[in-house]
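Asks: Structure in structure tokens, see below.
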Protein chains: 2
Amino acid sequence: MRDNLSQTFAALADPTRRGMLAKLAEGEANVSELAKPYLKEMSLPAITKHLKVLERAGLITKTREAQWRPCKLKEDAFKDVADWMEQYRMFWEQSLDRLDAYLKTVTSKSSAKGKTRGRKK
Amino acid sequence: MRDNLSQTFAALADPTRRGMLAKLAEGEANVSELAKPYLKEMSLPAITKHLKVLERAGLITKTREAQWRPCKLKEDAFKDVADWMEQYRMFWEQSLDRLDAYLKTVTSKSSAKGKTRGRKK
DNA sequence: GCTATATTTAACCAAAGTATTAATTAACTT
DNA sequence: AAGTTAATTAATACTTTGGTTAAATATAGC
């Protein structure tokens with residue numbers, strides 16, 4: 001797993017790590033704050049390792065402040081993923097078109113079951 | 001690695017597999033066509049496994065046509081990744097803004113060293 | 001210096017991932 | 001039926017990942 005992008009995708013391939021990123025999207029947080037939701041499921045050293053994976057992937061930066069290690073999102077790796085995704089935009093937009101088409105077929109009959117999955121615009 | 005999104009990101013965390021997706025972005029291709037660029041580096045069974053990973057991740061579908069197995073991109077998993085990325089859009093767009101700001105500071109002095117990293121538009 | 005809090009490092013282990021070679025299946029061609 | 005091409009499966013080996021517990025480090029406060 002030598003290249004950057006592979007390392008980034010590998011870092012994203014874990015729900016705990018994605019959860020930590022979601023938390024960091026709300027703002028800076030230190031290790032124990034990030035750890036709190038997971039301490040029933042895993043130990044603190046496990047958290048440290050997850051954060052190290054995120055850091056090496058370029059998704060977060062960790063700084064020092066007394067005995068705390070505040071972490072925050074780093075744009076770099078997100079940008080790399082977004083750039084890579086661009087080349088497939090037409091494919092996943094197809095699936096939106098298909099959903100739109102489907103929705104058109106059901107708009108008349110009020111369907112309580114149809115989940116719209118947050119389709120924007 | 002139970003959840004879908006984790007499986008998808010894990011599938012993307014490999015340059016061989018991303019290369020196969022890039023090829024498929026140009027259109028359908030069967031296994032040996034997809035394998036060709038990699039047969040110096042790895043065996044055909046390895047290719048089969050990579051394709052299975054992409055398939056289980058929902059990134060491709062494989063069909064049957066005589067003794068060939070034409071593969072093509074499947075929108076689903078791409079859509080899931082794109083949706084997940086949305087929540088971080090502001091972060092990676094920040095890095096574009098920062099690059100723009102930087103470029104503004106150097107536009108007058110022609111800098112040969114500055115890599116622009118494919119900034120679009 | 002002692003103690004408490006925050007976090008990391010070390011040593012280890014089980015499970016998953018990536019590759020191999022050899023054998024097998026499937027479909028077409030002659 | 002025999003041979004060729006396309007692809008997969010099986011058995012195996014090696015490496016990486018994700019977790020553990022125990023010990024260590026770093027900083028602050030008394």
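Chain identifiers are assigned as A, B, and so on, following the order in which chains appear in the structure tokens; residues are numbered from 1 within each chain, and ligands are numbered from 1 in order of appearance.
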List as a list in words the protein and nucleic acid residues near Leu5 of chain B, meaning an atom at most 10 Å away when only C-alpha atoms (C1' of nucleotides) are counted, but skip any in the same chain fewer than 2 places from it.
Replies: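 Non-adjacent residues within range: Leu12, Ala13, Asp14, Pro15 and Arg18 of chain A; Met1, Arg2, Asp3, Gln7, Thr8, Phe9, Ala10, Ala11, Ala57, Gly58, Ala77, Phe78, Asp80, Val81 and Trp84 of chain B.
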Asks: Pick out the residues sitting within 12 Å of DT5 of chain C, and hand them over as a ChimeraX atom specification; count only C-alpha atoms (C1' of nucleotides), and ignore anything fewer than 5 positions along from it in its own chain.
Replies: /A:32,66-68 /D:26-29
Asks: So that I have them on file, write out the residues from the current selection with N, CA and C atoms (P, O5', C5', C4', C3', O3' and C1' of nucleotides), as a PDB file, in the first residue's frame.
Replies:
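See again.pdb below for the written result:
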```
ATOM      1  N   SER A  32      -8.976  11.938  23.854  1.00  0.00           N
ATOM      2  CA  SER A  32      -9.977  11.311  24.727  1.00  0.00           C
ATOM      3  C   SER A  32     -11.397  11.683  24.334  1.00  0.00           C
ATOM      4  N   ALA A  66      -0.356  21.222  26.137  1.00  0.00           N
ATOM      5  CA  ALA A  66      -0.185  20.589  27.465  1.00  0.00           C
ATOM      6  C   ALA A  66      -0.194  19.079  27.291  1.00  0.00           C
ATOM      7  N   GLN A  67      -0.968  18.366  28.090  1.00  0.00           N
ATOM      8  CA  GLN A  67      -0.961  16.906  27.915  1.00  0.00           C
ATOM      9  C   GLN A  67      -2.003  16.402  26.916  1.00  0.00           C
ATOM     10  N   TRP A  68      -2.646  17.344  26.242  1.00  0.00           N
ATOM     11  CA  TRP A  68      -3.647  16.956  25.248  1.00  0.00           C
ATOM     12  C   TRP A  68      -3.083  16.997  23.838  1.00  0.00           C
TER      13      TRP A  68
ATOM     14  P    DA D  26       8.876  12.019  27.060  1.00  0.00           P
ATOM     15  O5'  DA D  26       7.545  12.804  27.414  1.00  0.00           O
ATOM     16  C5'  DA D  26       6.460  12.776  26.488  1.00  0.00           C
ATOM     17  C4'  DA D  26       5.405  13.745  26.973  1.00  0.00           C
ATOM     18  C3'  DA D  26       5.982  15.006  27.622  1.00  0.00           C
ATOM     19  O3'  DA D  26       5.216  16.097  27.139  1.00  0.00           O
ATOM     20  C1'  DA D  26       4.508  13.935  29.127  1.00  0.00           C
ATOM     21  P    DT D  27       5.774  17.614  27.332  1.00  0.00           P
ATOM     22  O5'  DT D  27       4.722  18.214  28.370  1.00  0.00           O
ATOM     23  C5'  DT D  27       3.340  18.155  28.052  1.00  0.00           C
ATOM     24  C4'  DT D  27       2.539  18.373  29.301  1.00  0.00           C
ATOM     25  C3'  DT D  27       2.984  19.567  30.140  1.00  0.00           C
ATOM     26  O3'  DT D  27       1.949  20.518  30.114  1.00  0.00           O
ATOM     27  C1'  DT D  27       2.440  17.679  31.472  1.00  0.00           C
ATOM     28  P    DA D  28       2.027  21.928  30.868  1.00  0.00           P
ATOM     29  O5'  DA D  28       1.159  21.633  32.172  1.00  0.00           O
ATOM     30  C5'  DA D  28      -0.168  21.136  31.993  1.00  0.00           C
ATOM     31  C4'  DA D  28      -0.774  20.850  33.353  1.00  0.00           C
ATOM     32  C3'  DA D  28      -0.571  21.984  34.352  1.00  0.00           C
ATOM     33  O3'  DA D  28      -1.836  22.324  34.904  1.00  0.00           O
ATOM     34  C1'  DA D  28       0.168  19.911  35.278  1.00  0.00           C
ATOM     35  P    DG D  29      -1.950  23.448  36.075  1.00  0.00           P
ATOM     36  O5'  DG D  29      -1.904  22.548  37.392  1.00  0.00           O
ATOM     37  C5'  DG D  29      -2.917  21.546  37.605  1.00  0.00           C
ATOM     38  C4'  DG D  29      -2.853  21.060  39.037  1.00  0.00           C
ATOM     39  C3'  DG D  29      -2.647  22.181  40.061  1.00  0.00           C
ATOM     40  O3'  DG D  29      -3.355  21.842  41.243  1.00  0.00           O
ATOM     41  C1'  DG D  29      -0.824  20.690  40.192  1.00  0.00           C
TER      42       DG D  29
END
```
Asks: What residues in chain C have any atom no more than 12 Å from chain A when counting only C-alpha atoms (C1' of nucleotides), and can you write them as an MDAnalysis selection string?
Replies: chainID C and resid 4:10 17:18
Asks: Restricting the output to C-alpha atoms (C1' of nucleotides), write the selected residues as a tab-separated table (two decimals), in the first residue's frame.
Replies:
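What landed in part.tsv:
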```tsv
chain	number	residue	atom	x	y	z
C	4	DA	C1'	-3.23	12.47	38.63
C	5	DT	C1'	-4.50	12.91	33.84
C	6	DA	C1'	-3.61	12.24	28.87
C	7	DT	C1'	-1.57	9.69	25.56
C	8	DT	C1'	1.83	6.62	23.49
C	9	DT	C1'	4.90	2.63	22.98
C	10	DA	C1'	6.02	-2.32	23.22
C	17	DG	C1'	-5.82	-9.47	2.72
C	18	DT	C1'	-2.72	-10.45	-1.25
```
Asks: Enumerate, in order of chain and increasing residue number, the residues of chain D with an atom no farther than 12 Å from chain A, each with its shortest atom pair and distance in Å to one decimal, counting only C-alpha atoms (C1' of nucleotides), as CSV.
Replies:
```
residue,atom,partner,partner_atom,distance
D:DT15,C1',A:Met1,CA,11.2
D:DT16,C1',A:Met1,CA,9.6
D:DT17,C1',A:Ala10,CA,10.3
D:DG18,C1',A:Ala46,CA,7.5
D:DG19,C1',A:Ala46,CA,6.6
D:DT20,C1',A:Ser43,CA,8.1
D:DT21,C1',A:Ser43,CA,9.8
D:DA22,C1',A:Pro45,CA,11.5
D:DT25,C1',A:Gln67,CA,10.6
D:DA26,C1',A:Gln67,CA,6.3
D:DT27,C1',A:Gln67,CA,5.0
D:DA28,C1',A:Ala66,CA,7.9
```
Asks: Print the selection's residues with C-alpha atoms (C1' of nucleotides) to a file, as a compact mmCIF listing (two decimals), in the first residue's frame.
Replies:
```txt
# COMPACT_ATOMS: atom_id res chain seq x y z
C1' DT D 15 2.08 -9.67 5.34
C1' DT D 16 -0.87 -6.29 7.18
C1' DT D 17 -4.45 -4.83 10.17
C1' DG D 18 -6.82 -4.20 14.36
C1' DG D 19 -7.09 -5.45 18.63
C1' DT D 20 -5.20 -6.73 23.45
C1' DT D 21 -2.53 -5.83 28.16
C1' DA D 22 1.29 -3.87 30.54
C1' DT D 25 6.19 9.06 28.67
C1' DA D 26 4.51 13.93 29.13
C1' DT D 27 2.44 17.68 31.47
C1' DA D 28 0.17 19.91 35.28
```
Asks: I'd like the interatomic distance between atom CA of Ile47 of chain A and atom CA of Glu86 of chain B, to a tenth of an Å.
Replies: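 Going from atom CA of Ile47 of chain A over to atom CA of Glu86 of chain B covers 25.2 Å.
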